[in-house]
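Trainee: Dropping in data_15.txt, which is compact mmCIF, C-alpha atoms:
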```
# COMPACT_ATOMS: atom_id res chain seq x y z
CA MET V 20 -1.73 -13.61 -19.47
CA ALA V 21 0.60 -10.69 -20.12
CA LYS V 22 -0.27 -7.36 -18.58
CA ALA V 23 -0.74 -4.93 -21.49
CA TYR V 24 -1.85 -1.78 -19.69
CA GLY V 25 1.30 -0.97 -17.71
CA PRO V 26 2.03 2.27 -19.59
CA THR V 27 -1.56 3.49 -19.12
CA ILE V 28 -1.42 2.68 -15.40
CA LYS V 29 1.83 4.64 -15.07
CA LYS V 30 0.40 7.64 -16.97
CA LEU V 31 -2.68 7.76 -14.75
CA GLN V 32 -0.54 7.38 -11.62
CA ARG V 33 1.76 10.19 -12.72
CA ALA V 34 -1.16 12.48 -13.63
CA ILE V 35 -2.88 11.92 -10.28
CA ASN V 36 0.32 12.42 -8.31
CA GLU V 37 1.43 15.53 -10.20
CA LYS V 38 -1.92 17.32 -10.27
CA PHE V 39 -3.18 16.38 -6.81
CA ASP V 40 -0.01 15.42 -4.90
CA ALA V 41 -1.87 12.21 -4.01
CA LYS V 42 1.19 9.98 -3.45
CA ILE V 43 -0.42 7.02 -5.25
CA LEU V 44 1.78 3.91 -5.48
CA PHE V 45 1.47 1.00 -7.89
CA ASN V 46 2.89 -2.35 -6.81
CA LYS V 47 2.95 -5.87 -8.16
CA THR V 48 3.22 -8.98 -6.04
CA GLN V 49 2.77 -12.68 -6.66
CA PHE V 50 1.02 -15.49 -4.84
CA VAL V 51 0.47 -19.15 -5.66
CA SER V 52 -3.08 -20.05 -6.62
CA GLU V 53 -4.39 -23.10 -4.80
CA LYS V 54 -6.71 -23.94 -7.72
CA SER V 55 -4.18 -23.79 -10.54
CA ASN V 56 -0.99 -24.26 -8.48
CA LYS V 57 0.60 -21.41 -10.47
CA PRO V 58 1.99 -18.03 -9.52
CA ILE V 59 -0.59 -15.26 -9.97
CA GLU V 60 0.34 -11.58 -10.25
CA LEU V 61 -1.62 -9.22 -7.99
CA LEU V 62 -1.63 -5.53 -8.88
CA VAL V 63 -2.11 -3.14 -5.97
CA ILE V 64 -2.85 0.59 -5.76
CA LYS V 65 -1.78 2.16 -2.47
CA LYS V 66 -1.67 5.65 -1.06
CA ALA V 67 1.25 6.88 1.05
CA ILE V 68 -0.06 8.76 4.08
CA TRP V 69 2.21 10.58 6.52
CA ASP V 70 2.09 9.19 10.07
CA ASP V 71 3.08 11.97 12.50
CA THR V 72 3.55 9.58 15.43
CA LYS V 73 6.04 7.37 13.56
CA GLN V 74 7.48 10.19 11.42
CA ARG V 75 7.22 8.16 8.22
CA TYR V 76 4.83 7.28 5.43
CA LYS V 77 2.33 4.47 5.89
CA ASN V 78 0.97 2.75 2.76
CA ILE V 79 -2.78 2.15 2.70
CA GLU V 80 -4.26 -0.18 0.08
CA LEU V 81 -6.95 1.49 -2.03
CA PHE V 82 -7.58 -1.25 -4.60
CA SER V 83 -6.10 -4.54 -5.79
CA SER V 84 -6.83 -6.90 -8.65
CA THR V 85 -5.22 -9.50 -10.86
CA SER V 86 -6.67 -7.60 -13.83
CA ASP V 87 -4.68 -4.69 -15.24
CA VAL V 88 -7.87 -3.48 -16.96
CA GLN V 89 -9.58 -3.18 -13.57
CA ILE V 90 -6.59 -1.21 -12.24
CA VAL V 91 -6.88 1.21 -15.19
CA LEU V 92 -10.63 1.60 -14.63
CA TRP V 93 -10.16 2.19 -10.89
CA LEU V 94 -7.49 4.85 -11.56
CA ARG V 95 -9.77 6.46 -14.15
CA ASP V 96 -12.60 6.62 -11.61
CA TYR V 97 -10.23 8.06 -9.00
CA TRP V 98 -9.03 10.68 -11.51
CA TYR V 99 -12.64 11.66 -12.22
CA GLU V 100 -13.42 11.82 -8.48
CA LEU V 101 -10.41 14.04 -7.72
CA ASN V 102 -11.36 16.38 -10.56
CA GLY V 103 -14.95 16.61 -9.30
CA TRP V 104 -16.36 15.03 -12.44
CA GLU V 105 -19.18 12.51 -12.61
CA ILE V 106 -17.73 8.99 -12.57
CA PRO V 107 -18.77 6.98 -15.66
CA THR V 108 -21.17 4.11 -14.95
CA ASP V 109 -21.59 2.79 -18.51
CA ASN V 110 -19.48 -0.36 -17.99
CA LYS V 111 -21.73 -2.94 -16.31
CA ILE V 112 -18.97 -5.52 -15.77
CA TRP V 113 -16.69 -2.93 -14.13
CA ASN V 114 -19.52 -1.59 -11.96
CA GLU V 115 -20.22 -5.13 -10.69
CA ALA V 116 -16.53 -5.89 -10.08
CA LYS V 117 -16.03 -2.59 -8.22
CA ALA V 118 -19.14 -3.18 -6.08
CA LYS V 119 -17.98 -6.71 -5.26
CA TYR V 120 -14.52 -5.44 -4.23
CA ASN V 121 -16.01 -2.60 -2.15
CA ASN V 122 -18.43 -4.97 -0.38
CA LYS V 123 -15.65 -7.45 0.37
CA HIS V 124 -13.46 -4.71 1.86
CA GLY V 125 -16.24 -2.78 3.62
CA ILE V 126 -15.93 0.29 1.39
CA GLN V 127 -19.03 2.37 0.78
```
Would you put the structure from the file into structure tokens?
Mentor:
Amino acid sequence: MAKAYGPTIKKLQRAINEKFDAKILFNKTQFVSEKSNKPIELLVIKKAIWDDTKQRYKNIELFSSTSDVQIVLWLRDYWYELNGWEIPTDNKIWNEAKAKYNNKHGIQ
């Protein structure tokens, strides 16, 4: 399935980075699915954090998904959080997906 939300992802990334100097990165990588034996595209949101001991940036994964819609929703929630606004909870499917991801990765 083609990823249709690339421009929206880039706009949210740019807005977050320009307003909050957050150093958010958006990467794509591929892996082969054992079930379908096909390449699957994984979309990853990372944050570059300065490491004083190594004198370079270290990239920390914040969220990943094969769904570009989930990436947009995660960036939207992050934008709301950074602005101090209440994060929308009206999308039941997204709330469940986010909770599942957070539980899997030990995020509260």
Trainee: Kindly give the distance, in Å, that separates atom CA of Val88 of chain V and atom CA of Ala23 of chain V, rounded to a single decimal.
Mentor: 8.6 Å
Trainee: Atom CA of Trp113 of chain V and atom CA of Asn78 of chain V, how far apart in Å?
Mentor: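 Going from atom CA of Asn78 of chain V over to atom CA of Trp113 of chain V covers 25.1 Å.
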Trainee: I need the residue nearest Tyr97 of chain V from this list: V:Pro58, V:Leu44, V:Leu81, V:Gly25. Use only C-alpha atoms for the distance.
Mentor: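 Smallest distance to Tyr97 of chain V is found for V:Leu81.
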Trainee: For segment 34-42 of chain V, work out the shell of residues within 8 Å, counting only C-alpha atoms and skipping chain neighbours fewer than 5 positions away, then give it as a PyMOL selection string.
Mentor: chain V and resi 66-68+98+101
Trainee: Can you write out as CSV which residues of segment 71-113 of chain V fall within 12 Å of segment 122-126 of chain V, alongside each residue's closest atom pair and its distance in Å to one decimal, counting all atoms listed in the file and ordering rows by chain and ascending residue number?
Mentor:
```
residue,atom,partner,partner_atom,distance
V:Glu80,CA,V:His124,CA,10.4
V:Leu81,CA,V:Ile126,CA,9.7
V:Phe82,CA,V:His124,CA,9.4
V:Ser83,CA,V:His124,CA,10.6
```
Trainee: If you measure from atom CA of Val51 of chain V to atom CA of Asp96 of chain V, what distance in Å do you get, rounded to one decimal?
Mentor: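 Distance reported for this atom pair: 29.5 Å.
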Trainee: What's around Thr108 of chain V at 12 Å? Count all atoms listed in the file, leave out sequence neighbours fewer than 5 positions away in its own chain, and write the answer as a VMD selection string.
Mentor: chain V and resid 92 to 93 95 to 96 99 113 to 115 117 to 118
Trainee: Restricted to C-alpha atoms, what would the selected residues look like written as a JSON list (two decimals), in the coordinates of the input?
Mentor:
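Saved as part23.json:
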```json
[["chain", "number", "residue", "atom", "x", "y", "z"],
["V", 92, "LEU", "CA", -10.63, 1.60, -14.63],
["V", 93, "TRP", "CA", -10.16, 2.19, -10.89],
["V", 95, "ARG", "CA", -9.77, 6.46, -14.15],
["V", 96, "ASP", "CA", -12.60, 6.62, -11.61],
["V", 99, "TYR", "CA", -12.64, 11.66, -12.22],
["V", 113, "TRP", "CA", -16.69, -2.93, -14.13],
["V", 114, "ASN", "CA", -19.52, -1.59, -11.96],
["V", 115, "GLU", "CA", -20.22, -5.13, -10.69],
["V", 117, "LYS", "CA", -16.03, -2.59, -8.22],
["V", 118, "ALA", "CA", -19.14, -3.18, -6.08]]
```
Trainee: Considering only C-alpha atoms, state which residue in the set V:Asn102, V:Gln74, V:Ile79, V:Ser86 is at the smallest distance from Glu60 of chain V.
Mentor: V:Ser86
Trainee: Taking all atoms listed in the file into account, name the residue in V:Gln127, V:Thr85, V:Asn110, V:Gln32 that is nearest to Ser52 of chain V.
Mentor: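 Nearest to Ser52 of chain V: V:Thr85.
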Trainee: Given all atoms listed in the file as the basis, pick out the residue of V:Arg75, V:Lys111, V:Lys65, V:Lys54 nearest to Ile90 of chain V.
Mentor: V:Lys65
